[in-house]
Structure formats: C-alpha cells, structure tokens
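Pasting upload.cif here (mmCIF, C-alpha atoms and all ligand atoms):
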```cif
data_data
#
loop_
_atom_site.label_atom_id
_atom_site.label_comp_id
_atom_site.auth_asym_id
_atom_site.auth_seq_id
_atom_site.Cartn_x
_atom_site.Cartn_y
_atom_site.Cartn_z
CA MET A 1143 15.99 78.53 -9.57
CA ALA A 1144 19.06 78.11 -7.36
CA VAL A 1145 16.98 77.47 -4.22
CA ARG A 1146 14.77 74.93 -6.00
CA PHE A 1147 17.80 72.98 -7.20
CA ALA A 1148 19.43 73.20 -3.76
CA SER A 1149 16.44 71.50 -2.11
CA VAL A 1150 16.25 68.90 -4.86
CA PHE A 1151 19.95 68.22 -4.34
CA LEU A 1152 19.47 67.65 -0.60
CA GLY A 1153 16.45 65.42 -1.10
CA ALA A 1154 18.28 63.33 -3.66
CA ALA A 1155 21.35 63.02 -1.46
CA LEU A 1156 19.22 61.75 1.43
CA ALA A 1157 17.35 59.34 -0.82
CA LEU A 1158 20.61 58.01 -2.24
CA SER A 1159 22.33 57.51 1.10
CA ALA A 1160 19.20 55.91 2.56
CA SER A 1161 18.74 53.31 -0.19
CA PRO A 1162 20.24 49.94 0.79
CA LEU A 1163 22.39 48.49 -2.01
CA PHE A 1164 21.84 44.84 -1.24
CA ALA A 1165 18.23 44.43 -0.08
CA ALA A 1166 16.73 41.02 -0.83
CA ASP A 1167 14.53 42.43 -3.59
CA ALA A 1168 17.23 44.81 -4.84
CA LYS A 1169 17.33 45.68 -8.51
CA PRO A 1170 20.66 45.39 -10.37
CA SER A 1171 23.15 47.95 -9.15
CA VAL A 1172 24.09 50.65 -11.67
CA VAL A 1173 26.60 53.45 -11.06
CA ILE A 1174 26.19 56.72 -12.96
CA TYR A 1175 29.30 58.84 -13.54
CA ALA A 1176 28.32 62.38 -14.49
CA THR A 1177 30.60 64.56 -16.58
CA GLY A 1178 28.29 67.39 -17.74
CA GLY A 1179 26.98 68.26 -21.20
CA THR A 1180 23.53 69.26 -22.39
CA ILE A 1181 21.92 66.46 -20.39
CA ALA A 1182 22.99 68.58 -17.39
CA GLY A 1183 22.34 71.83 -19.25
CA SER A 1184 20.22 74.73 -18.06
CA SER A 1185 18.70 77.86 -19.51
CA ALA A 1186 16.37 80.61 -18.25
CA SER A 1187 14.12 79.96 -21.27
CA SER A 1188 12.19 76.71 -21.86
CA THR A 1189 12.46 77.21 -25.63
CA ASP A 1190 16.22 77.69 -25.65
CA THR A 1191 17.80 74.62 -27.27
CA THR A 1192 20.90 76.26 -28.73
CA ASP A 1193 22.25 78.93 -26.41
CA TYR A 1194 22.00 77.31 -22.96
CA ASP A 1195 24.83 76.48 -20.56
CA ALA A 1196 25.96 72.83 -20.72
CA GLY A 1197 27.20 71.10 -17.56
CA LYS A 1198 25.27 73.03 -14.92
CA LEU A 1199 23.11 70.53 -12.99
CA GLY A 1200 24.59 67.98 -10.61
CA ILE A 1201 24.08 64.22 -10.80
CA GLU A 1202 21.73 64.22 -7.79
CA THR A 1203 19.44 66.64 -9.61
CA LEU A 1204 19.45 64.47 -12.74
CA ILE A 1205 18.63 61.34 -10.73
CA LYS A 1206 15.93 63.08 -8.72
CA ALA A 1207 14.27 64.25 -11.95
CA VAL A 1208 13.71 60.61 -13.00
CA PRO A 1209 12.18 58.71 -10.05
CA GLU A 1210 11.38 55.87 -12.49
CA LEU A 1211 15.07 54.89 -12.34
CA SER A 1212 14.28 52.94 -9.16
CA GLN A 1213 11.96 50.68 -11.21
CA VAL A 1214 14.91 49.32 -13.23
CA ALA A 1215 17.99 49.61 -11.00
CA THR A 1216 19.46 50.56 -7.68
CA VAL A 1217 21.27 53.68 -8.75
CA THR A 1218 24.17 55.58 -7.23
CA GLY A 1219 25.71 58.69 -8.77
CA GLU A 1220 29.20 60.15 -8.77
CA GLN A 1221 30.08 63.58 -10.13
CA LEU A 1222 33.36 63.18 -12.01
CA ALA A 1223 33.18 66.56 -13.76
CA ASN A 1224 30.57 69.07 -14.88
CA MET A 1225 31.76 70.52 -18.15
CA PRO A 1226 30.74 71.02 -21.75
CA SER A 1227 32.28 68.09 -23.58
CA GLN A 1228 34.40 70.38 -25.75
CA ASP A 1229 36.55 70.66 -22.61
CA MET A 1230 36.90 66.92 -22.01
CA ASP A 1231 40.58 65.95 -21.86
CA GLN A 1232 42.82 62.89 -21.65
CA LYS A 1233 43.40 63.37 -17.91
CA THR A 1234 39.65 63.02 -17.22
CA LEU A 1235 39.34 60.13 -19.69
CA LEU A 1236 42.11 58.21 -17.94
CA LYS A 1237 40.52 58.87 -14.55
CA LEU A 1238 37.08 57.74 -15.77
CA SER A 1239 38.41 54.56 -17.34
CA LYS A 1240 40.37 53.65 -14.20
CA MET A 1241 37.33 54.34 -11.99
CA ILE A 1242 35.11 52.09 -14.11
CA ASN A 1243 37.65 49.26 -14.25
CA GLU A 1244 37.98 49.49 -10.46
CA LYS A 1245 34.20 49.65 -9.94
CA PHE A 1246 33.66 46.54 -12.06
CA LYS A 1247 35.80 44.54 -9.65
CA ASP A 1248 32.80 44.76 -7.29
CA PRO A 1249 30.63 41.76 -8.18
CA ALA A 1250 27.55 43.65 -6.95
CA VAL A 1251 27.89 46.26 -9.71
CA HIS A 1252 25.97 45.23 -12.82
CA GLY A 1253 26.75 48.13 -15.13
CA VAL A 1254 27.88 51.70 -15.48
CA VAL A 1255 26.29 54.74 -17.12
CA VAL A 1256 28.28 57.84 -18.08
CA THR A 1257 26.42 61.10 -18.72
CA HIS A 1258 28.28 63.25 -21.23
CA GLY A 1259 27.99 66.15 -23.66
CA THR A 1260 27.17 64.93 -27.14
CA ASP A 1261 29.80 66.99 -28.97
CA THR A 1262 32.69 64.70 -28.06
CA LEU A 1263 30.68 61.79 -26.66
CA GLU A 1264 31.90 59.50 -29.42
CA GLU A 1265 35.52 60.08 -28.46
CA THR A 1266 34.99 59.24 -24.78
CA ALA A 1267 32.78 56.28 -25.74
CA PHE A 1268 35.48 54.90 -28.08
CA PHE A 1269 38.17 55.46 -25.43
CA LEU A 1270 36.14 53.52 -22.86
CA ASP A 1271 35.38 50.78 -25.38
CA LEU A 1272 39.12 50.26 -25.87
CA THR A 1273 40.20 50.57 -22.25
CA VAL A 1274 37.49 49.08 -20.01
CA ASN A 1275 38.32 45.41 -19.75
CA SER A 1276 35.09 43.80 -18.63
CA LYS A 1277 32.06 42.11 -20.10
CA LYS A 1278 29.85 44.32 -17.94
CA PRO A 1279 28.01 47.04 -19.84
CA VAL A 1280 29.20 50.63 -20.07
CA VAL A 1281 26.50 52.91 -21.45
CA ILE A 1282 27.24 56.49 -22.39
CA VAL A 1283 24.31 58.87 -22.67
CA GLY A 1284 23.69 62.50 -23.53
CA ALA A 1285 20.87 64.76 -24.64
CA MET A 1286 20.34 67.28 -27.39
CA ARG A 1287 17.97 69.51 -25.40
CA PRO A 1288 18.88 70.97 -22.02
CA ALA A 1289 17.03 69.82 -18.89
CA THR A 1290 15.07 73.10 -18.82
CA ALA A 1291 13.70 72.79 -22.38
CA VAL A 1292 10.19 71.82 -23.43
CA GLY A 1293 10.48 68.21 -24.53
CA ALA A 1294 13.90 67.70 -22.92
CA ASP A 1295 15.23 64.33 -24.10
CA GLY A 1296 17.65 63.82 -21.19
CA PRO A 1297 15.30 62.18 -18.64
CA MET A 1298 14.11 59.44 -21.04
CA ASN A 1299 17.62 58.93 -22.40
CA LEU A 1300 18.93 58.52 -18.85
CA LEU A 1301 16.16 56.08 -17.93
CA GLU A 1302 16.84 54.00 -21.05
CA ALA A 1303 20.60 54.08 -20.41
CA VAL A 1304 20.16 52.81 -16.85
CA SER A 1305 17.66 50.21 -18.01
CA LEU A 1306 20.26 49.01 -20.53
CA ALA A 1307 23.11 48.96 -18.00
CA ALA A 1308 20.91 46.90 -15.65
CA ASN A 1309 19.97 44.35 -18.32
CA ASP A 1310 21.80 40.99 -18.58
CA LYS A 1311 21.47 41.03 -22.37
CA ALA A 1312 23.75 44.08 -22.44
CA ASN A 1313 26.76 42.02 -21.26
CA GLY A 1314 29.62 41.39 -23.68
CA ARG A 1315 28.73 44.19 -26.11
CA GLY A 1316 31.42 46.71 -25.14
CA THR A 1317 30.58 50.35 -24.58
CA MET A 1318 27.22 51.46 -25.99
CA VAL A 1319 25.75 54.86 -26.84
CA VAL A 1320 22.10 55.62 -25.98
CA LEU A 1321 20.13 58.54 -27.40
CA ASN A 1322 16.74 58.88 -29.09
CA ASP A 1323 15.54 55.34 -28.26
CA ARG A 1324 18.53 53.82 -30.09
CA ILE A 1325 21.51 51.72 -28.98
CA SER A 1326 24.75 52.14 -30.96
CA SER A 1327 28.19 50.56 -30.68
CA ALA A 1328 30.74 53.03 -29.32
CA PHE A 1329 33.23 51.50 -31.74
CA TYR A 1330 31.38 52.94 -34.74
CA ALA A 1331 28.82 55.56 -33.65
CA THR A 1332 29.35 59.20 -34.51
CA LYS A 1333 27.44 62.45 -34.12
CA THR A 1334 25.91 63.19 -37.51
CA ASN A 1335 23.72 66.23 -36.90
CA SER A 1336 24.53 69.40 -34.97
CA THR A 1337 21.11 69.94 -33.36
CA THR A 1338 18.60 67.07 -33.72
CA PRO A 1339 17.99 64.28 -31.16
CA ASP A 1340 18.49 61.49 -33.76
CA THR A 1341 22.11 62.52 -34.18
CA PHE A 1342 24.07 59.35 -33.24
CA ARG A 1343 24.45 56.85 -36.06
CA ALA A 1344 26.90 54.51 -37.69
CA ALA A 1345 26.29 55.05 -41.38
CA GLU A 1346 27.44 51.61 -42.50
CA GLN A 1347 27.24 49.44 -39.38
CA GLY A 1348 23.81 50.55 -38.14
CA TYR A 1349 22.33 50.24 -34.67
CA LEU A 1350 22.75 47.39 -32.17
CA GLY A 1351 19.14 47.75 -31.08
CA GLY A 1352 16.53 50.06 -29.67
CA PHE A 1353 14.00 50.36 -26.85
CA VAL A 1354 10.47 49.07 -26.66
CA GLY A 1355 9.08 51.20 -23.88
CA ILE A 1356 12.13 51.37 -21.65
CA THR A 1357 13.21 47.78 -22.32
CA PRO A 1358 16.26 47.31 -24.54
CA ARG A 1359 15.70 45.06 -27.58
CA PHE A 1360 18.81 43.93 -29.47
CA TYR A 1361 18.78 42.97 -33.13
CA TYR A 1362 21.57 40.38 -32.70
CA SER A 1363 23.40 38.37 -30.02
CA PRO A 1364 26.55 40.00 -28.60
CA ALA A 1365 29.35 40.39 -31.14
CA ILE A 1366 32.83 41.93 -31.03
CA PRO A 1367 33.76 44.33 -33.85
CA THR A 1368 36.25 42.79 -36.28
CA GLY A 1369 39.83 43.55 -35.25
CA LYS A 1370 38.81 45.16 -31.97
CA MET A 1371 41.82 46.12 -29.88
CA SER A 1372 42.06 46.74 -26.14
CA PHE A 1373 44.54 48.66 -24.00
CA ASP A 1374 45.51 48.63 -20.34
CA VAL A 1375 45.74 52.23 -19.11
CA SER A 1376 45.92 51.38 -15.40
CA LYS A 1377 49.47 52.75 -15.14
CA GLU A 1378 49.15 55.68 -17.58
CA GLU A 1379 49.21 59.20 -16.17
CA SER A 1380 49.09 60.91 -19.58
CA LEU A 1381 48.93 59.97 -23.25
CA PRO A 1382 51.11 60.99 -26.21
CA LYS A 1383 49.91 64.06 -28.07
CA VAL A 1384 48.24 63.34 -31.42
CA VAL A 1385 46.78 66.14 -33.53
CA ILE A 1386 44.25 66.20 -36.38
CA LEU A 1387 44.83 68.25 -39.53
CA TYR A 1388 42.04 68.85 -42.06
CA SER A 1389 42.82 68.49 -45.78
CA TYR A 1390 41.65 70.93 -48.42
CA GLN A 1391 42.66 72.25 -51.86
CA ASP A 1392 45.86 74.35 -51.65
CA GLN A 1393 46.97 72.62 -48.40
CA ASP A 1394 50.75 72.58 -47.89
CA SER A 1395 53.05 71.03 -45.27
CA ALA A 1396 53.32 74.02 -42.94
CA LEU A 1397 50.90 72.69 -40.33
CA LEU A 1398 52.45 69.21 -40.41
CA ASP A 1399 55.81 70.76 -39.51
CA ALA A 1400 54.20 73.03 -36.91
CA ALA A 1401 52.46 70.06 -35.25
CA ILE A 1402 55.75 68.23 -34.79
CA LYS A 1403 57.44 71.37 -33.43
CA ASP A 1404 54.52 71.62 -31.00
CA GLY A 1405 55.27 68.17 -29.60
CA ALA A 1406 52.91 65.92 -31.56
CA LYS A 1407 54.02 62.27 -31.48
CA GLY A 1408 51.55 61.31 -34.18
CA ILE A 1409 49.33 63.01 -36.75
CA VAL A 1410 45.90 62.21 -38.15
CA ILE A 1411 44.93 63.81 -41.44
CA ALA A 1412 41.23 64.20 -42.25
CA GLY A 1413 41.99 63.48 -45.88
CA MET A 1414 39.86 63.79 -48.99
CA GLY A 1415 37.90 60.79 -50.26
CA ASN A 1416 39.88 57.62 -49.57
CA GLY A 1417 42.29 59.57 -47.34
CA SER A 1418 43.91 61.41 -50.24
CA ILE A 1419 46.30 64.23 -49.42
CA PRO A 1420 47.73 66.91 -51.75
CA THR A 1421 50.82 65.79 -53.70
CA ARG A 1422 52.84 68.64 -52.21
CA THR A 1423 52.40 67.22 -48.68
CA LYS A 1424 53.40 63.63 -49.50
CA ALA A 1425 57.17 64.10 -49.11
CA THR A 1426 56.72 65.51 -45.59
CA VAL A 1427 54.38 62.68 -44.60
CA LYS A 1428 56.88 60.12 -45.92
CA LYS A 1429 59.73 61.81 -44.01
CA LEU A 1430 57.74 61.80 -40.76
CA MET A 1431 56.93 58.10 -41.18
CA GLU A 1432 60.63 57.35 -41.77
CA GLN A 1433 61.42 59.25 -38.56
CA GLY A 1434 59.01 56.96 -36.68
CA ILE A 1435 56.18 59.49 -36.38
CA PRO A 1436 52.99 57.77 -37.53
CA VAL A 1437 50.72 59.69 -39.89
CA ILE A 1438 47.20 58.28 -40.20
CA ARG A 1439 45.20 59.20 -43.30
CA SER A 1440 41.49 59.26 -42.41
CA THR A 1441 38.65 60.80 -44.40
CA ARG A 1442 36.65 63.99 -44.18
CA THR A 1443 33.73 62.31 -46.02
CA GLY A 1444 32.08 61.05 -42.81
CA SER A 1445 32.10 57.32 -43.58
CA GLY A 1446 33.85 54.54 -45.48
CA PHE A 1447 37.15 52.63 -45.33
CA VAL A 1448 40.52 54.34 -45.88
CA SER A 1449 43.00 51.89 -47.35
CA LYS A 1450 46.76 51.70 -47.03
CA LYS A 1451 48.83 53.73 -49.50
CA GLU A 1452 52.52 54.45 -49.84
CA GLU A 1453 52.22 57.70 -47.91
CA GLY A 1454 50.70 57.37 -44.42
CA ILE A 1455 48.67 54.62 -42.77
CA GLY A 1456 45.02 54.25 -43.83
CA SER A 1457 42.57 54.72 -40.94
CA GLY A 1458 40.31 51.78 -41.85
CA PHE A 1459 36.76 52.61 -40.76
CA PHE A 1460 37.90 55.09 -38.10
CA SER A 1461 36.95 58.75 -38.34
CA PRO A 1462 39.67 61.35 -37.72
CA GLN A 1463 38.53 61.83 -34.10
CA LYS A 1464 38.47 58.09 -33.37
CA SER A 1465 41.81 57.67 -35.15
CA ARG A 1466 43.32 60.27 -32.81
CA ILE A 1467 42.17 58.31 -29.73
CA LEU A 1468 43.38 54.98 -31.14
CA LEU A 1469 46.77 56.32 -32.21
CA SER A 1470 47.34 57.96 -28.85
CA LEU A 1471 46.52 54.71 -27.01
CA ALA A 1472 48.66 52.69 -29.41
CA LEU A 1473 51.64 55.00 -28.91
CA ALA A 1474 51.18 54.87 -25.11
CA SER A 1475 51.26 51.07 -25.28
CA GLY A 1476 54.61 51.19 -27.10
CA ALA A 1477 53.19 49.84 -30.37
CA ASP A 1478 55.61 50.00 -33.30
CA MET A 1479 54.68 51.10 -36.82
CA ALA A 1480 53.73 47.55 -37.88
CA ALA A 1481 51.40 47.11 -34.88
CA ILE A 1482 49.82 50.51 -35.53
CA GLU A 1483 49.20 49.51 -39.17
CA ARG A 1484 47.55 46.31 -37.94
CA TYR A 1485 45.24 48.20 -35.57
CA PHE A 1486 44.05 50.50 -38.33
CA GLY A 1487 43.86 47.68 -40.86
CA MET A 1488 41.09 46.22 -38.66
CA VAL A 1489 41.77 42.61 -39.56
CA GLU A 1490 41.78 39.72 -37.06
C1 LIG B 1501 28.38 69.35 -24.99
O1 LIG B 1501 28.85 68.52 -25.77
O2 LIG B 1501 28.77 69.45 -23.82
C2 LIG B 1501 27.36 70.32 -25.45
C3 LIG B 1501 26.45 69.76 -26.48
C4 LIG B 1501 25.63 68.59 -26.04
O3 LIG B 1501 25.80 67.99 -24.99
O4 LIG B 1501 24.72 68.24 -26.82
#
```
Could I get this file's structure written as structure tokens?
Amino acid sequence: MAVRFASVFLGAALALSASPLFAADAKPSVVIYATGGTIAGSSASSTDTTDYDAGKLGIETLIKAVPELSQVATVTGEQLANMPSQDMDQKTLLKLSKMINEKFKDPAVHGVVVTHGTDTLEETAFFLDLTVNSKKPVVIVGAMRPATAVGADGPMNLLEAVSLAANDKANGRGTMVVLNDRISSAFYATKTNSTTPDTFRAAEQGYLGGFVGITPRFYYSPAIPTGKMSFDVSKEESLPKVVILYSYQDQDSALLDAAIKDGAKGIVIAGMGNGSIPTRTKATVKKLMEQGIPVIRSTRTGSGFVSKKEEGIGSGFFSPQKSRILLSLALASGADMAAIERYFGMVE
C-alpha cells in the first residue's frame, strides 16, 4: 500500500509541476488546500466505514485519484495539515483564512477548495465565511466514506467541489459546503447525521443548489444571509478562548465558574428549547454579563431561533458550535456587549 501511494504521489507531483497555469485554453484556476479528514482517510478493509484512520492520504494522491478534475479546472494542491477534524484548532483556521485571502489577490485564481473532515467542517466553513473577504468562491468539501471504501464518496465530492469553485455562478455566495451532490451555505449548514453521506443540511434554510452531472445548478441568484458579519483576521495571531457548556436537568453553576477560572473570555450555553437555562444558574450568568463576560444562550434542539432574554444573549439562528466561532471573532475584533448582541440578533 505504501509503495503504491508513493508512486502515485510522485506521478501527481510531476503532473502538477508540469501543467502550465496560464495556457491559452486554460481552465479556471482552482487551488485546493488539504487539511485531512475522511476524504483523505484510509483503511486496510474496503468495507470499513467507521473505524478507519482519517487524514492519511496527501493532496497529490487525492488529485491523482480524480483525473477528471482537469476537465473543469487547472488545479493546484497545497497540504496545510493532515488531521482528523476533531484536532482542528484556531491557529490552523487563522493560517488557512490568511492563505486564502492572500491567494485571492491573484487575479488568475478563480476559486478555492478546502478538503476537511466532516466532524467539524461546519465550524471551519463558518469561520471562513466570516473572515474571507472576497466575492470569489470558497468551497469546503469532505466525505463520509474513506478513500479505500467501496463506494467512497470523496472523489465525486471533490470533483463537484472543484467544478463549483471554477464556476462563475458561484461568485458572491460566500463559503459553500459540498457533499452528496448538494450545495449548502456555510453560514447555516450543519452535520445532522453521524454516518450517512447526506449529513449536511440546514433544517430551516435549505440548500443553495445541487449538481446535475458535475455542473452546479443554483436555485436562486446570489444572496447574502440577513445580518451577515465579516471580520478582518489579517493581524490576529490567536483568538480569545470561548467554551461551550451543555444544559441539562440538575445543571448548576460549577462549570460556568470553572470555565472562567480556566481563562474563558466568553461562554456559549447549549440551552434547552429557546435557550432556557436552569433557574439556579441565572444569577451566575447575570454576574458574568455584568463583569463584561458575554454569555450566549444557544439551543441543544438542533435548529430554530434563540431570542434575547434578561439572562444571557440569545444566539439567533446560530448553533452552539457556530456561536463559539462568532463570539471568539467578535471578542478579537474588540466588539462591546451591544455589538455582540447585534451580531447574534441577526438583523440588518
Ligand atoms: C473527521 O472529521 O476528520 C473524521 C470524520 C469525517 O471526516 O467524516
């Protein structure tokens, strides 16, 4: 297995370096940043779809496995990381966002694709949606079956993602998620199923479009989500720590206090229903807010709007994991409590 991949790697590297970027008949130029995940996953068994190693194959191997990519784009690949997405961190997110913003300054680059593990794909996608300041398309793609599995979904997902990033109709739509022949907005999409390929959805907002063959077909013209915010992270080296606490019957304030002692600058609560939290925790939440430490009440229900209440800021339509990203970016930008409330209120 190792030898086979080594020769594939070499062949792909030669093919990549030999392909001219600006030939007269050149296809749109698309850059793929690889970060790992199941799309780069490998197992000794072709029926193993649950116990494989994520983040094993390099970007050259992924590109070489899909020669059809050259039909839709002139592709180059860069290996940013090769990890399971559970290990993705803010340092890598900042690096990725800066690399994409820099890359988009090159007028020859049409779009960017990021390969990523699906477990935290929605967090990276949301981060990029809020921090890449360009109308050019960013497409983030993963797979639910490793590259070695029967019926691996990665190759087709990658081909569709590149086809989307190369397409003019993808401009001005922010960061998009591609899996299972569907295109979702990174602003709203979330992983909804632990094992099946149709996992990415936005329960209330739906899909932006899908693929007919490998051609993207959008349902609507480009639109910006209501109240969409954007942040400049070009000078950030790190982001303020924000933690998520899960609500349940019998919850008390112990973990809220522990989070602050541990250096959290903001807290997101995955609350019950419309962001409800137990009565016995409300005094602590109020105290933290008065001390200037924002507490966002999101919902553990999986969808819906969390409205403002006396204790804590409602998360709007943002899930706990998206709320954590947004609050961290807001704090890094120096936003005060009123600005943070506006961001989560999601009004224009
Ligand atoms: C991961 O998120 O890295 C593993 C799971 C996946 O990619 O589907």
Next item on the list: Go ahead and find all residues with at least one atom no further than 12 Å from (31.6, 47.3, -14.3) in the file's coordinates, using only C-alpha atoms; report them as a ChimeraX atom specification.
Entry: /A:1170-1175,1238-1256,1270,1274-1281,1307-1308,1312-1314,1316-1317
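Here CA of Ala1344 in chain A stands at a distance of 19.1 Å from CA of Gly1456 in chain A.
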What residues have any atom no more than 12 Å from ligand LIG 1501 (chain B) when counting all atoms listed in the file, and can you list them as a compact mmCIF listing (two decimals) with C-alpha atoms, in the coordinates of the input?
```txt
# COMPACT_ATOMS: atom_id res chain seq x y z
CA ALA A 1176 28.32 62.38 -14.49
CA THR A 1177 30.60 64.56 -16.58
CA GLY A 1178 28.29 67.39 -17.74
CA GLY A 1179 26.98 68.26 -21.20
CA THR A 1180 23.53 69.26 -22.39
CA ILE A 1181 21.92 66.46 -20.39
CA ALA A 1182 22.99 68.58 -17.39
CA GLY A 1183 22.34 71.83 -19.25
CA SER A 1184 20.22 74.73 -18.06
CA THR A 1191 17.80 74.62 -27.27
CA THR A 1192 20.90 76.26 -28.73
CA ASP A 1193 22.25 78.93 -26.41
CA TYR A 1194 22.00 77.31 -22.96
CA ASP A 1195 24.83 76.48 -20.56
CA ALA A 1196 25.96 72.83 -20.72
CA GLY A 1197 27.20 71.10 -17.56
CA LYS A 1198 25.27 73.03 -14.92
CA ALA A 1223 33.18 66.56 -13.76
CA ASN A 1224 30.57 69.07 -14.88
CA MET A 1225 31.76 70.52 -18.15
CA PRO A 1226 30.74 71.02 -21.75
CA SER A 1227 32.28 68.09 -23.58
CA GLN A 1228 34.40 70.38 -25.75
CA ASP A 1229 36.55 70.66 -22.61
CA MET A 1230 36.90 66.92 -22.01
CA THR A 1257 26.42 61.10 -18.72
CA HIS A 1258 28.28 63.25 -21.23
CA GLY A 1259 27.99 66.15 -23.66
CA THR A 1260 27.17 64.93 -27.14
CA ASP A 1261 29.80 66.99 -28.97
CA THR A 1262 32.69 64.70 -28.06
CA LEU A 1263 30.68 61.79 -26.66
CA GLU A 1264 31.90 59.50 -29.42
CA GLU A 1265 35.52 60.08 -28.46
CA THR A 1266 34.99 59.24 -24.78
CA ILE A 1282 27.24 56.49 -22.39
CA VAL A 1283 24.31 58.87 -22.67
CA GLY A 1284 23.69 62.50 -23.53
CA ALA A 1285 20.87 64.76 -24.64
CA MET A 1286 20.34 67.28 -27.39
CA ARG A 1287 17.97 69.51 -25.40
CA PRO A 1288 18.88 70.97 -22.02
CA ALA A 1289 17.03 69.82 -18.89
CA ALA A 1294 13.90 67.70 -22.92
CA ASP A 1295 15.23 64.33 -24.10
CA GLY A 1296 17.65 63.82 -21.19
CA LEU A 1321 20.13 58.54 -27.40
CA LYS A 1333 27.44 62.45 -34.12
CA THR A 1334 25.91 63.19 -37.51
CA ASN A 1335 23.72 66.23 -36.90
CA SER A 1336 24.53 69.40 -34.97
CA THR A 1337 21.11 69.94 -33.36
CA THR A 1338 18.60 67.07 -33.72
CA PRO A 1339 17.99 64.28 -31.16
CA ASP A 1340 18.49 61.49 -33.76
CA THR A 1341 22.11 62.52 -34.18
CA PHE A 1342 24.07 59.35 -33.24
```
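Taking all atoms listed in the file into account, Ser1461 in chain A lies nearest to A:Ala1345 out of the set A:Gln1221, A:Ser1376, A:Ala1345, A:Val1489.
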Tell me, as an mmCIF file with C-alpha atoms, in the frame of the given file, which residues lie within 7 Å of range 1449-1455 of chain A, counting all atoms listed in the file; anything in the same chain fewer than 6 positions away does not count.
```cif
data_model
loop_
_atom_site.group_PDB
_atom_site.id
_atom_site.type_symbol
_atom_site.label_atom_id
_atom_site.label_comp_id
_atom_site.auth_asym_id
_atom_site.auth_seq_id
_atom_site.Cartn_x
_atom_site.Cartn_y
_atom_site.Cartn_z
ATOM 1 C CA ASN A 1416 39.880 57.620 -49.570
ATOM 2 C CA LYS A 1424 53.400 63.630 -49.500
ATOM 3 C CA VAL A 1427 54.380 62.680 -44.600
ATOM 4 C CA LYS A 1428 56.880 60.120 -45.920
ATOM 5 C CA VAL A 1437 50.720 59.690 -39.890
ATOM 6 C CA ILE A 1438 47.200 58.280 -40.200
ATOM 7 C CA ARG A 1439 45.200 59.200 -43.300
ATOM 8 C CA GLU A 1483 49.200 49.510 -39.170
#
```
Checklist line | Atom pair CA of Ile1356 in chain A / CA of Glu1302 in chain A: separation (Å) | finding: 5.4 Å
Next item on the list: Choose the residue, out of A:Pro1420, A:Pro1297, A:Pro1382, A:Pro1209, that has the smallest atom-to-atom separation from Lys1407 in chain A; count only C-alpha atoms.
Entry: A:Pro1382
Notebook entry, point to check: Suppose you want the space between CA of Ala1328 in chain A and CA of Phe1486 in chain A; what is it in Å?
Noted result: 16.3 Å
Note to self: So that I can see what lies close to Ala1474 in chain A, please list as a list in words the residues with an atom at most 12 Å from it, counting all atoms listed in the file and leaving out residues fewer than 3 positions away in the same chain.
What the structure shows: Phe1373, Asp1374, Val1375, Ser1376, Lys1377, Glu1378, Glu1379, Ser1380, Leu1381, Pro1382, Lys1383, Val1384, Lys1407, Gly1408, Ile1467, Leu1468, Leu1469, Ser1470, Leu1471, Ala1477, Asp1478 and Ile1482 of chain A
Item checked: Proximity to Gln1433 in chain A - best of A:Val1385, A:Ile1419, A:Ile1402, A:Tyr1361, only C-alpha atoms -> A:Ile1402
Margin query: Just checking: using all atoms listed in the file, which residue out of A:Phe1329, A:Gly1352, A:Gly1476, A:Asp1399 ends up closest to Thr1426 in chain A?
Written below: A:Asp1399
Next item on the list: Select, counting all atoms listed in the file, all protein, DNA and RNA residues no farther than 7 Å from (39.7, 55.9, -42.0) in file coordinates, and express the selection as a list in words.
Entry: Gly1417, Arg1439, Ser1440, Thr1441, Gly1446, Phe1447, Val1448, Gly1456, Ser1457, Gly1458, Phe1459, Phe1460, Ser1461 and Pro1462 of chain A
